[in-house]
Each structure stands twice: as structure tokens, then as C-alpha cells.
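What follows is the content of data28.cif, which has mmCIF, C-alpha atoms:
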data_run
#
loop_
_atom_site.label_atom_id
_atom_site.label_comp_id
_atom_site.auth_asym_id
_atom_site.auth_seq_id
_atom_site.Cartn_x
_atom_site.Cartn_y
_atom_site.Cartn_z
CA MET X 1 108.61 93.76 85.83
CA ALA X 2 110.48 95.84 88.37
CA ALA X 3 113.00 94.07 90.55
CA PRO X 4 111.78 93.45 94.11
CA GLU X 5 113.01 95.92 96.71
CA ILE X 6 115.96 94.60 98.70
CA ARG X 7 115.15 94.87 102.38
CA LEU X 8 118.20 95.85 104.36
CA PRO X 9 118.94 93.97 107.58
CA LEU X 10 119.02 95.46 111.06
CA ALA X 11 122.33 95.66 112.90
CA ILE X 12 122.44 94.60 116.57
CA SER X 13 125.41 95.55 118.73
CA SER X 14 125.65 92.59 121.07
CA GLY X 15 126.58 94.58 124.17
CA ASP X 16 128.85 93.30 126.92
CA PRO X 17 129.95 89.75 126.00
CA ALA X 18 129.75 88.71 129.66
CA GLY X 19 126.10 89.77 129.87
CA VAL X 20 122.92 88.33 128.41
CA GLY X 21 123.17 90.19 125.10
CA PRO X 22 124.46 87.27 123.00
CA GLU X 23 121.90 84.91 124.56
CA ILE X 24 118.86 87.07 123.90
CA ILE X 25 120.03 87.86 120.36
CA GLY X 26 120.36 84.14 119.73
CA LYS X 27 116.93 83.45 121.21
CA ALA X 28 115.47 86.24 119.07
CA TRP X 29 116.95 84.52 116.02
CA GLU X 30 115.26 81.28 117.12
CA ALA X 31 111.94 83.17 117.20
CA ARG X 32 112.49 84.87 113.81
CA LYS X 33 109.77 82.96 111.96
CA LYS X 34 107.23 82.80 114.76
CA CYS X 35 107.58 86.53 115.44
CA LYS X 36 108.01 87.45 111.75
CA LEU X 37 111.22 89.37 112.36
CA GLN X 38 113.08 90.93 109.50
CA ALA X 39 116.65 89.86 108.88
CA PHE X 40 119.25 91.06 111.36
CA PHE X 41 122.84 90.34 112.27
CA ALA X 42 124.86 90.69 115.45
CA ILE X 43 128.09 92.63 115.87
CA GLY X 44 130.54 91.54 118.55
CA ASP X 45 132.86 88.72 119.51
CA MET X 46 131.98 85.60 117.53
CA ALA X 47 133.08 83.37 120.41
CA SER X 48 130.77 85.06 122.92
CA PHE X 49 127.71 83.35 121.46
CA ALA X 50 129.04 79.88 122.21
CA HIS X 51 129.36 80.83 125.88
CA HIS X 52 125.68 81.82 126.12
CA TRP X 53 123.73 79.97 123.43
CA ASP X 54 124.02 76.67 121.57
CA GLY X 55 122.38 77.74 118.32
CA PRO X 56 124.04 78.01 114.90
CA VAL X 57 126.11 81.09 114.05
CA ILE X 58 127.84 82.08 110.84
CA ARG X 59 130.49 84.71 110.37
CA ILE X 60 129.85 87.43 107.80
CA ASP X 61 132.26 90.00 106.44
CA ASN X 62 129.69 92.35 104.96
CA PRO X 63 126.16 93.35 106.06
CA ASP X 64 124.96 92.44 102.57
CA GLN X 65 125.52 88.77 103.43
CA ALA X 66 123.17 88.84 106.42
CA ALA X 67 119.83 88.46 104.65
CA GLU X 68 120.84 85.52 102.48
CA ARG X 69 122.24 83.57 105.43
CA PHE X 70 119.70 84.63 108.03
CA ASN X 71 117.41 81.60 107.72
CA ASP X 72 120.23 79.12 108.23
CA ALA X 73 122.14 80.64 111.12
CA LEU X 74 122.56 83.81 113.14
CA PRO X 75 124.90 86.05 111.12
CA VAL X 76 127.67 87.61 113.23
CA PHE X 77 130.03 90.38 112.19
CA HIS X 78 133.12 89.76 114.30
CA VAL X 79 134.86 92.87 115.63
CA HIS X 80 136.96 91.94 118.64
CA SER X 81 138.40 88.72 120.05
CA CYS X 82 138.22 88.83 123.82
CA SER X 83 141.08 87.08 125.62
CA SER X 84 138.55 85.36 127.86
CA ILE X 85 134.79 85.46 128.30
CA VAL X 86 133.28 84.43 131.61
CA PRO X 87 129.49 84.89 131.68
CA GLY X 88 128.55 87.10 134.60
CA SER X 89 132.09 88.43 135.09
CA PRO X 90 132.60 91.60 133.03
CA ASP X 91 136.06 92.95 132.32
CA LEU X 92 137.70 95.77 130.41
CA ASP X 93 138.38 93.61 127.36
CA GLY X 94 134.66 92.96 127.08
CA ALA X 95 133.98 96.68 127.40
CA HIS X 96 136.28 97.35 124.45
CA CYS X 97 134.36 94.74 122.46
CA ALA X 98 131.01 96.31 123.37
CA LEU X 99 132.18 99.79 122.42
CA GLN X 100 133.66 98.67 119.10
CA ALA X 101 130.41 96.87 118.27
CA LEU X 102 128.37 99.96 119.13
CA GLU X 103 130.64 102.21 117.07
CA LEU X 104 130.50 99.97 114.01
CA ALA X 105 126.76 99.34 114.23
CA THR X 106 126.07 103.07 114.49
CA GLY X 107 128.32 103.69 111.49
CA PHE X 108 126.47 101.11 109.43
CA ALA X 109 123.15 102.75 110.31
CA ARG X 110 124.41 106.26 109.53
CA SER X 111 125.75 105.17 106.15
CA GLY X 112 122.50 103.47 105.15
CA THR X 113 124.21 100.08 104.97
CA VAL X 114 121.60 98.69 107.38
CA ALA X 115 117.97 99.56 107.93
CA GLY X 116 118.32 100.46 111.57
CA LEU X 117 120.16 99.88 114.84
CA VAL X 118 119.30 97.78 117.88
CA THR X 119 121.69 98.12 120.81
CA GLY X 120 122.34 95.31 123.25
CA PRO X 121 122.84 95.90 127.00
CA VAL X 122 126.21 97.25 128.15
CA SER X 123 127.91 97.76 131.50
CA LYS X 124 128.34 101.50 131.97
CA ALA X 125 130.78 100.90 134.83
CA GLN X 126 133.08 98.92 132.53
CA LEU X 127 132.69 101.44 129.71
CA TYR X 128 133.51 104.34 132.02
CA ALA X 129 136.66 102.49 133.07
CA ILE X 130 137.94 102.50 129.48
CA GLY X 131 137.21 106.21 128.97
CA PHE X 132 133.62 106.23 127.74
CA ASN X 133 132.37 109.70 128.69
CA TYR X 134 128.68 109.55 127.81
CA PRO X 135 125.75 109.03 130.21
CA GLY X 136 124.67 106.07 128.07
CA GLN X 137 124.45 104.59 124.60
CA THR X 138 121.74 107.08 123.62
CA GLU X 139 124.04 110.06 123.96
CA PHE X 140 126.86 108.26 122.15
CA VAL X 141 124.65 107.38 119.19
CA ALA X 142 123.22 110.91 119.11
CA GLU X 143 126.68 112.48 118.90
CA ARG X 144 127.76 110.08 116.16
CA CYS X 145 124.61 111.12 114.28
CA GLY X 146 125.39 114.82 114.67
CA VAL X 147 122.50 115.41 117.05
CA GLU X 148 122.82 117.41 120.27
CA ARG X 149 122.29 115.28 123.34
CA ARG X 150 119.36 117.41 124.49
CA ASN X 151 117.55 116.75 121.21
CA ALA X 152 117.77 112.96 121.46
CA VAL X 153 114.65 111.94 123.35
CA MET X 154 114.27 108.64 125.17
CA MET X 155 110.88 106.97 124.78
CA LEU X 156 109.96 103.71 126.50
CA ALA X 157 107.21 101.81 124.74
CA GLY X 158 105.03 98.83 125.57
CA PRO X 159 102.00 97.34 123.79
CA ASP X 160 99.62 100.15 124.79
CA LEU X 161 101.72 102.67 126.72
CA ARG X 162 104.49 104.99 125.61
CA VAL X 163 106.28 107.28 128.05
CA VAL X 164 108.92 110.01 127.72
CA PRO X 165 110.84 111.20 130.80
CA MET X 166 111.53 114.90 130.26
CA THR X 167 114.55 114.61 132.55
CA THR X 168 116.43 111.33 132.61
CA HIS X 169 119.38 110.09 134.65
CA ILE X 170 119.79 112.84 137.21
CA PRO X 171 119.22 112.90 140.99
CA LEU X 172 115.60 113.46 141.98
CA ALA X 173 116.70 116.50 143.98
CA SER X 174 117.91 118.11 140.73
CA VAL X 175 114.74 117.61 138.69
CA ALA X 176 112.90 120.81 139.67
CA ALA X 177 115.88 122.95 138.64
CA GLN X 178 116.05 121.22 135.25
CA LEU X 179 112.39 121.71 134.37
CA ASP X 180 111.64 124.86 132.41
CA VAL X 181 109.24 126.05 129.73
CA ARG X 182 111.69 125.49 126.88
CA LEU X 183 112.51 121.93 127.94
CA ILE X 184 108.84 120.95 128.13
CA ARG X 185 108.04 122.46 124.75
CA ARG X 186 111.11 120.83 123.17
CA ARG X 187 110.18 117.40 124.53
CA ILE X 188 106.58 117.76 123.35
CA ARG X 189 107.61 118.70 119.83
CA ALA X 190 110.11 115.84 119.60
CA THR X 191 107.61 113.33 120.95
CA ALA X 192 104.88 114.40 118.54
CA LYS X 193 107.23 114.21 115.56
CA GLY X 194 108.53 110.84 116.72
CA LEU X 195 105.02 109.43 116.94
CA MET X 196 104.26 110.63 113.44
CA ARG X 197 107.52 109.49 111.89
CA ASP X 198 108.31 106.25 113.76
CA PHE X 199 104.85 105.03 114.78
CA GLY X 200 102.68 106.24 111.90
CA ILE X 201 100.34 108.26 114.15
CA SER X 202 99.18 111.20 112.06
CA ASN X 203 97.65 113.26 114.87
CA PRO X 204 99.40 112.39 118.13
CA ARG X 205 97.59 112.93 121.41
CA LEU X 206 99.91 113.74 124.28
CA ALA X 207 99.42 113.87 128.03
CA VAL X 208 101.78 115.66 130.40
CA ALA X 209 102.16 114.55 134.01
CA GLY X 210 102.58 117.19 136.68
CA PHE X 211 105.63 117.32 138.88
CA ASN X 212 104.01 117.51 142.33
CA PRO X 213 101.47 115.21 143.99
CA HIS X 214 97.98 115.85 142.60
CA ALA X 215 99.61 118.15 140.01
CA GLY X 216 100.25 120.70 142.75
CA GLU X 217 96.64 121.15 143.91
CA SER X 218 96.39 124.71 142.59
CA GLY X 219 99.73 125.67 144.09
CA ASN X 220 99.13 124.26 147.55
CA LEU X 221 101.59 121.40 146.96
CA GLY X 222 104.04 123.25 144.75
CA ARG X 223 104.00 125.90 142.03
CA GLU X 224 105.82 124.14 139.17
CA GLU X 225 102.51 123.32 137.46
CA ILE X 226 101.45 126.98 137.57
CA ASP X 227 104.77 128.68 136.87
CA ILE X 228 106.33 126.24 134.36
CA PHE X 229 103.91 123.66 133.00
CA ALA X 230 100.91 125.92 132.34
CA PRO X 231 102.82 128.50 130.24
CA ALA X 232 104.58 125.74 128.29
CA LEU X 233 101.35 123.91 127.49
CA LYS X 234 99.54 127.13 126.59
CA THR X 235 102.07 128.07 123.92
CA ILE X 236 102.47 124.53 122.60
CA THR X 237 98.73 124.06 122.15
CA GLU X 238 98.63 127.38 120.33
CA GLU X 239 101.12 125.83 117.90
CA GLY X 240 98.55 123.15 117.14
CA TYR X 241 99.72 120.26 119.29
CA ASP X 242 97.07 118.08 120.93
CA VAL X 243 98.22 118.10 124.55
CA ILE X 244 96.44 117.74 127.88
CA GLY X 245 97.85 118.43 131.34
CA PRO X 246 99.49 118.84 133.67
CA LEU X 247 97.72 115.78 135.08
CA PRO X 248 98.09 114.08 138.45
CA ALA X 249 100.54 111.27 137.73
CA ASP X 250 98.81 108.83 140.09
CA THR X 251 95.58 108.74 138.07
CA MET X 252 96.74 108.90 134.44
CA PHE X 253 98.05 105.38 133.84
CA HIS X 254 95.08 103.10 134.54
CA ALA X 255 93.54 101.32 131.56
CA GLU X 256 90.73 103.79 130.89
CA ALA X 257 92.98 106.84 131.19
CA ARG X 258 95.53 105.38 128.76
CA GLN X 259 92.91 105.41 126.02
CA ASN X 260 93.07 109.23 125.97
CA PHE X 261 96.66 109.66 124.81
CA ASP X 262 99.27 108.14 122.51
CA ALA X 263 102.19 109.03 124.76
CA ALA X 264 102.71 110.45 128.23
CA LEU X 265 105.46 112.92 129.05
CA CYS X 266 106.65 112.75 132.64
CA ALA X 267 108.75 115.07 134.75
CA TYR X 268 111.38 112.56 135.83
CA HIS X 269 112.75 109.09 135.23
CA ASP X 270 110.80 106.97 137.73
CA GLN X 271 107.53 108.80 137.16
CA ALA X 272 107.66 107.50 133.59
CA LEU X 273 109.31 104.13 134.00
CA ILE X 274 107.48 102.74 137.02
CA PRO X 275 104.09 102.46 135.27
CA LEU X 276 105.69 101.26 132.04
CA LYS X 277 107.77 98.56 133.70
CA THR X 278 104.96 97.53 136.03
CA LEU X 279 102.77 96.82 133.02
CA TYR X 280 105.35 95.58 130.53
CA PHE X 281 108.53 94.62 132.33
CA HIS X 282 109.48 91.91 129.83
CA GLU X 283 108.21 93.67 126.70
CA ALA X 284 109.35 97.28 127.07
CA VAL X 285 111.49 98.84 124.36
CA ASN X 286 113.70 101.93 124.51
CA ILE X 287 113.45 103.90 121.25
CA THR X 288 115.38 107.11 120.66
CA LEU X 289 113.40 109.90 119.01
CA GLY X 290 115.01 112.76 117.12
CA LEU X 291 117.74 110.80 115.36
CA PRO X 292 118.27 110.51 111.59
CA ILE X 293 118.44 106.72 112.09
CA VAL X 294 116.13 104.22 113.76
CA ARG X 295 117.56 103.07 117.08
CA THR X 296 115.87 100.78 119.60
CA SER X 297 117.08 98.78 122.57
CA PRO X 298 115.66 96.24 125.01
CA ASP X 299 114.69 98.03 128.19
CA HIS X 300 116.87 96.07 130.58
CA GLY X 301 120.49 95.73 131.51
CA THR X 302 123.23 93.13 131.22
CA ALA X 303 121.71 90.81 133.87
CA PHE X 304 125.13 89.48 134.85
CA GLY X 305 123.51 87.44 137.62
CA ILE X 306 121.85 85.07 135.15
CA ALA X 307 124.28 85.36 132.23
CA GLY X 308 125.37 81.99 130.85
CA LYS X 309 122.60 80.08 132.63
CA GLY X 310 120.14 80.01 129.74
CA GLU X 311 117.53 81.81 131.86
CA ALA X 312 117.38 85.18 130.09
CA ARG X 313 114.08 86.08 128.44
CA ALA X 314 114.31 87.48 124.93
CA ASP X 315 110.90 89.21 124.92
CA SER X 316 112.30 92.74 125.10
CA MET X 317 114.97 92.07 122.46
CA ILE X 318 112.35 90.56 120.15
CA ALA X 319 110.10 93.58 120.75
CA ALA X 320 113.04 95.93 120.05
CA ILE X 321 113.81 94.18 116.76
CA ARG X 322 110.15 94.24 115.75
CA MET X 323 109.74 97.92 116.70
CA ALA X 324 112.88 98.86 114.76
CA GLY X 325 111.52 97.16 111.65
CA GLU X 326 108.14 98.84 112.03
CA ALA X 327 109.77 102.25 112.58
CA VAL X 328 111.82 101.84 109.40
CA ALA X 329 108.65 101.11 107.42
CA ASN X 330 106.78 103.99 109.06
CA ARG X 331 109.59 106.41 108.27
CA LYS X 332 109.47 105.47 104.61
CA ALA X 333 105.70 106.04 104.54
CA TYR X 334 106.08 109.34 106.40
CA ALA X 335 108.76 110.58 104.01
CA ALA X 336 106.63 109.60 101.02
CA ALA X 337 103.61 111.42 102.44
CA CYS X 338 105.66 114.55 103.11
CA ALA X 339 107.03 114.49 99.58
CA ALA X 340 103.63 114.03 97.96
#

When written as C-alpha cells, how does the structure in this file appear?
Amino acid sequence: MAAPEIRLPLAISSGDPAGVGPEIIGKAWEARKKCKLQAFFAIGDMASFAHHWDGPVIRIDNPDQAAERFNDALPVFHVHSCSSIVPGSPDLDGAHCALQALELATGFARSGTVAGLVTGPVSKAQLYAIGFNYPGQTEFVAERCGVERRNAVMMLAGPDLRVVPMTTHIPLASVAAQLDVRLIRRRIRATAKGLMRDFGISNPRLAVAGFNPHAGESGNLGREEIDIFAPALKTITEEGYDVIGPLPADTMFHAEARQNFDAALCAYHDQALIPLKTLYFHEAVNITLGLPIVRTSPDHGTAFGIAGKGEARADSMIAAIRMAGEAVANRKAYAAACAA
């Protein structure tokens, strides 16, 4: 009889130790059986968990120890001892801890030591103050994986809606200048491949939102749909992709419309995230497409205002852990199908 396959754990960088990261990781561990979560371990300051959560923790020195100890306590890989941790009051020492945890967790994922990566919420302001020169964790992880920033695509996913902003954290006034035929085609290709590889959708159906109100109304409210979107969608559909659009953004997210696509690509950040967060504020997950590793993250920030009060909801962290595990399994099935 063949030996059973050893299922690698997921690594979770715990984020800023003054934020809610340690609390929601601990609460996710409490829900491990109810939510059928695969084994995971946290990376960060061991002491930070006691400031946020009163559950059991156990220190590990190797990711291989996580699975065997997971049922008894939350395994923690200690990386940095902060001089002081005050929930809700971030400092530079905590930023160093968050960055070291992110670096190590990404390294574990790249080396195949862990199944995938879940990143906890960080304070960009604190990271910038210690020399972090990336727009966010996504770009940092992409670079460490050898992927150009433009090829790492941010998808936000809820129970029955997935959205991809084609431009992300830039001023709204700069969006029109960033949109071009190549960008749209590149985002469509990456989204389709991501749906096949990470979500197990063999024939992805995509919808593209227009940039202007009412998708431009035949040029009367703007020409981006005619001059940029139409040529991009024409060539991409000729490549065999199942894409509709550009569609008026105000009518494509109601329940009936959502049945017609597996993911929606939107022109700018809020066009994508407002419908997603309106529907699934506590359950949304950020998953990065186009990486050689699986990386997810809860779709919220450090929530310093409630840190240490026991009020943080772990729904999004639980969903991020679950989605990471499912993506790992889907990637294995996808690779096997491609090799057959």
C-alpha cells in the first residue's frame, strides 16, 4: 500500500503585530474543525498573540512541525521579538516584524516548503517608514517570485462574485491614461488562466465593465469604449476567450446579471471593489493571479481601532485560508490535466 500523501501546511504572515492579524489568525484556528481548514501556521512575534487572543499557541522551529501540532495549538514560527506591543498603536519595530514575516513566508512558499501563502494585514505607512518601496504586499510577493509587477493581477473574490480591477491604486484622474488595448488584453488573459488554474473553471466566462457611465452611450459620454475597449475585446475573442462587454457598470452586478460571468474586469479600483464589498464585506478574499505560488489575503486592513478588544471578525481570514487550500488543490488538478 502506498504511503498517504503528506499535505503541506499553509504559511500565514501575521501582519502588523499591533493590528488585528494575530487575533483573526487565532480565531481562524479556533474555527479549524468547523470550517474544515487545512493545517496552517503563523509567522511573526510569538508574544503578539497573547496581546490579542487567549487561545493556545506553540512555537515551532520548522514548518514540518505545523501539521502534527495543529490540532492542539496554533503553531507559530517566531521571527522577531518586538520591544513592546500595544494593540492599536503601530510602531517601526512592528513594521520590521511584519516585513520579516512576509519575507520568510514568501520564501517558504517559493521553496515548496509550504502549500501556499496567506498574508495578514500590514500598515503601509509604517512599512514605508522603514524603507519598504512597494505599493503593497502583492508587488513585494510578485518580485520575490520573479514576476513583473504588471503581470501580478489582483482578484477580489466572494461567494458568487469575482472582480479584477484593471488599474489598481492610482488616482481616479489617472485611470483613463493607464487604460490601453494591451493592458485590457493582458488582464483578460491572466484572469482566464487564473480561473482555470486556481478555481478549476475549465471555460471561464468574463465580463468587462466600461469606463464611462452607460459604457459611453455610443461615444456620447466618452470614447474609451470605442477607441480602447472594442479593439481589445475584438482581438481577445478572436483568440478564443469567452468575453462580453464593455458593459454599463451600473447594471452588471445584480443577482441575475452575475449568473452570466465567472469574473468581472473593471476599469478602476472602486468600480470593482464597491459591488464586491457591498455584497461580501466580511467574506471577501484578495487572491493574486499570475504567481507561481498560491497567495491569498483577507480583504481588509489592520483595523487598529478595534485591535486588542476581541471584536475583530475572522470571516475574511477564514475565507482566505479556505480559498488558498482550494487553489492549491485546483492547481494540482490543472497541472495533472495539462500533463495528461

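Nearest residue to X:Gly136, choosing from X:Gly19, X:Gly112, X:Pro121, X:Gly240 and counting only C-alpha atoms: X:Pro121.
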
Interface rows for stretch 14-91 of chain X against stretch 307-322 of chain X: nearest pair, Å to one decimal, 7 Å, only C-alpha atoms, as JSON lines:
{"residue": "X:Ala18", "atom": "CA", "partner": "X:Ala307", "partner_atom": "CA", "distance": 6.9}
{"residue": "X:Gly19", "atom": "CA", "partner": "X:Ala307", "partner_atom": "CA", "distance": 5.3}
{"residue": "X:Val20", "atom": "CA", "partner": "X:Ala307", "partner_atom": "CA", "distance": 5.0}
{"residue": "X:Ile24", "atom": "CA", "partner": "X:Ala314", "partner_atom": "CA", "distance": 4.7}
{"residue": "X:Ile25", "atom": "CA", "partner": "X:Met317", "partner_atom": "CA", "distance": 6.9}
{"residue": "X:Lys27", "atom": "CA", "partner": "X:Ala314", "partner_atom": "CA", "distance": 6.1}
{"residue": "X:Ala28", "atom": "CA", "partner": "X:Ile318", "partner_atom": "CA", "distance": 5.4}
{"residue": "X:Leu37", "atom": "CA", "partner": "X:Arg322", "partner_atom": "CA", "distance": 6.0}
{"residue": "X:His51", "atom": "CA", "partner": "X:Gly308", "partner_atom": "CA", "distance": 6.5}
{"residue": "X:His52", "atom": "CA", "partner": "X:Gly308", "partner_atom": "CA", "distance": 4.7}
{"residue": "X:Pro87", "atom": "CA", "partner": "X:Gly308", "partner_atom": "CA", "distance": 5.1}
{"residue": "X:Gly88", "atom": "CA", "partner": "X:Ala307", "partner_atom": "CA", "distance": 5.2}

Those selected residues, please, written with C-alpha atoms and delivered as a PDB file, in the frame of the given file.
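Wrote it out as result.pdb, contents follow:
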ATOM      1  CA  ALA X  18     129.750  88.710 129.660  1.00  0.00           C
ATOM      2  CA  GLY X  19     126.100  89.770 129.870  1.00  0.00           C
ATOM      3  CA  VAL X  20     122.920  88.330 128.410  1.00  0.00           C
ATOM      4  CA  ILE X  24     118.860  87.070 123.900  1.00  0.00           C
ATOM      5  CA  ILE X  25     120.030  87.860 120.360  1.00  0.00           C
ATOM      6  CA  LYS X  27     116.930  83.450 121.210  1.00  0.00           C
ATOM      7  CA  ALA X  28     115.470  86.240 119.070  1.00  0.00           C
ATOM      8  CA  LEU X  37     111.220  89.370 112.360  1.00  0.00           C
ATOM      9  CA  HIS X  51     129.360  80.830 125.880  1.00  0.00           C
ATOM     10  CA  HIS X  52     125.680  81.820 126.120  1.00  0.00           C
ATOM     11  CA  PRO X  87     129.490  84.890 131.680  1.00  0.00           C
ATOM     12  CA  GLY X  88     128.550  87.100 134.600  1.00  0.00           C
TER      13      GLY X  88
END

Can you list, as a CSV table (one decimal) with C-alpha atoms, in the frame of the given file, the residues that the PyMOL selection byres ((chain X and resi 205) around 6) selects here?
chain,number,residue,atom,x,y,z
X,204,PRO,CA,99.4,112.4,118.1
X,206,LEU,CA,99.9,113.7,124.3
X,242,ASP,CA,97.1,118.1,120.9
X,261,PHE,CA,96.7,109.7,124.8
X,262,ASP,CA,99.3,108.1,122.5

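Minimum atom-to-atom distance to X:Leu233, evaluated using all atoms listed in the file, belongs to X:Arg185 out of X:Gly210, X:Glu326, X:Arg185, X:Pro275.
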
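Going from atom CA of X:Arg186 to atom CA of X:Ile226 covers 18.4 Å.
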
Using all atoms listed in the file, what does the table of stretch 100-219 of chain X residues within 9 Å of stretch 327-332 of chain X look like, with each row giving the shortest atom pair and its distance in Å to one decimal, sorted by chain and ascending number, as a tab-separated table?
residue	atom	partner	partner_atom	distance
X:Ala115	CA	X:Val328	CA	6.7
X:Gly116	CA	X:Val328	CA	7.0
X:Met196	CA	X:Asn330	CA	8.3
X:Arg197	CA	X:Arg331	CA	5.2
X:Asp198	CA	X:Ala327	CA	4.4
X:Phe199	CA	X:Ala327	CA	6.1
X:Gly200	CA	X:Asn330	CA	5.5

Next on the checklist: Can you spell out as a PyMOL selection string the set of residues that the PyMOL selection byres ((chain X and resi 194) around 12) selects in the structure I just provided?
Outcome noted: chain X and resi 151-155+162+164+187-193+195-204+206+262-263+287-295+327+330-331+334

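Between atom CA of X:Phe211 and atom CA of X:Pro248 lies a distance of 8.2 Å.
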
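A straight line drawn from atom CA of X:Thr168 to atom CA of X:Gly107 is 25.4 Å long.
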
Checklist outcome for this item: Nearest to X:Ile184, restricted to only C-alpha atoms and choosing among X:Leu247, X:Leu265, X:Ala125, X:Leu156, comes out as X:Leu265

How would you write as an mmCIF file with C-alpha atoms, in the coordinates of the input the residues that get within 12 Å of (108.4, 125.3, 143.1) in the file's frame, counting all atoms listed in the file?
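Written out: point_18.cif:
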data_model
loop_
_atom_site.group_PDB
_atom_site.id
_atom_site.type_symbol
_atom_site.label_atom_id
_atom_site.label_comp_id
_atom_site.auth_asym_id
_atom_site.auth_seq_id
_atom_site.Cartn_x
_atom_site.Cartn_y
_atom_site.Cartn_z
ATOM 1 C CA VAL X 175 114.740 117.610 138.690
ATOM 2 C CA ALA X 176 112.900 120.810 139.670
ATOM 3 C CA ALA X 177 115.880 122.950 138.640
ATOM 4 C CA GLN X 178 116.050 121.220 135.250
ATOM 5 C CA LEU X 179 112.390 121.710 134.370
ATOM 6 C CA ASP X 180 111.640 124.860 132.410
ATOM 7 C CA GLY X 210 102.580 117.190 136.680
ATOM 8 C CA PHE X 211 105.630 117.320 138.880
ATOM 9 C CA ASN X 212 104.010 117.510 142.330
ATOM 10 C CA ALA X 215 99.610 118.150 140.010
ATOM 11 C CA GLY X 216 100.250 120.700 142.750
ATOM 12 C CA GLY X 219 99.730 125.670 144.090
ATOM 13 C CA ASN X 220 99.130 124.260 147.550
ATOM 14 C CA LEU X 221 101.590 121.400 146.960
ATOM 15 C CA GLY X 222 104.040 123.250 144.750
ATOM 16 C CA ARG X 223 104.000 125.900 142.030
ATOM 17 C CA GLU X 224 105.820 124.140 139.170
ATOM 18 C CA GLU X 225 102.510 123.320 137.460
ATOM 19 C CA ILE X 226 101.450 126.980 137.570
ATOM 20 C CA ASP X 227 104.770 128.680 136.870
ATOM 21 C CA ILE X 228 106.330 126.240 134.360
ATOM 22 C CA PHE X 229 103.910 123.660 133.000
#

As lines of an AutoDock Vina configuration file, what would the box around stretch 139-155 of chain X look like: edges along x, y and z, 4 Å added on every side, centre and edge lengths in Å to one decimal?
center_x = 119.3
center_y = 112.2
center_z = 119.7
size_x = 24.9
size_y = 18.4
size_z = 18.9

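Among the candidates X:Cys35, X:Asp16, X:Thr302, X:Tyr128, the residue lying nearest to X:Gly325 is X:Cys35 (atoms considered: only C-alpha atoms).
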
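Residue nearest X:Ala50 within the list X:Thr278, X:Pro213, X:Glu239, X:Pro22: X:Pro22 [criterion: smallest interatomic distance, only C-alpha atoms].
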
Please rebuild stretch 142-153 of chain X with N, CA and C atoms and return the result as a CSV table (one decimal), in the coordinates of the input.
chain,number,residue,atom,x,y,z
X,142,ALA,N,123.6,109.6,119.5
X,142,ALA,CA,123.2,110.9,119.1
X,142,ALA,C,124.4,111.7,118.6
X,143,GLU,N,125.5,111.7,119.3
X,143,GLU,CA,126.7,112.5,118.9
X,143,GLU,C,127.2,112.0,117.6
X,144,ARG,N,127.3,110.7,117.4
X,144,ARG,CA,127.8,110.1,116.2
X,144,ARG,C,126.8,110.4,115.0
X,145,CYS,N,125.6,110.7,115.3
X,145,CYS,CA,124.6,111.1,114.3
X,145,CYS,C,124.6,112.6,114.1
X,146,GLY,N,125.4,113.4,114.8
X,146,GLY,CA,125.4,114.8,114.7
X,146,GLY,C,124.2,115.5,115.3
X,147,VAL,N,123.7,114.9,116.3
X,147,VAL,CA,122.5,115.4,117.0
X,147,VAL,C,122.9,115.8,118.5
X,148,GLU,N,122.5,117.0,118.9
X,148,GLU,CA,122.8,117.4,120.3
X,148,GLU,C,122.1,116.5,121.3
X,149,ARG,N,122.8,116.2,122.4
X,149,ARG,CA,122.3,115.3,123.3
X,149,ARG,C,120.9,115.7,123.8
X,150,ARG,N,120.7,117.0,124.0
X,150,ARG,CA,119.4,117.4,124.5
X,150,ARG,C,118.2,117.2,123.5
X,151,ASN,N,118.6,117.0,122.2
X,151,ASN,CA,117.6,116.8,121.2
X,151,ASN,C,117.3,115.3,120.9
X,152,ALA,N,118.0,114.4,121.6
X,152,ALA,CA,117.8,113.0,121.5
X,152,ALA,C,116.9,112.6,122.6
X,153,VAL,N,115.7,112.2,122.3
X,153,VAL,CA,114.6,111.9,123.4
X,153,VAL,C,114.4,110.4,123.6
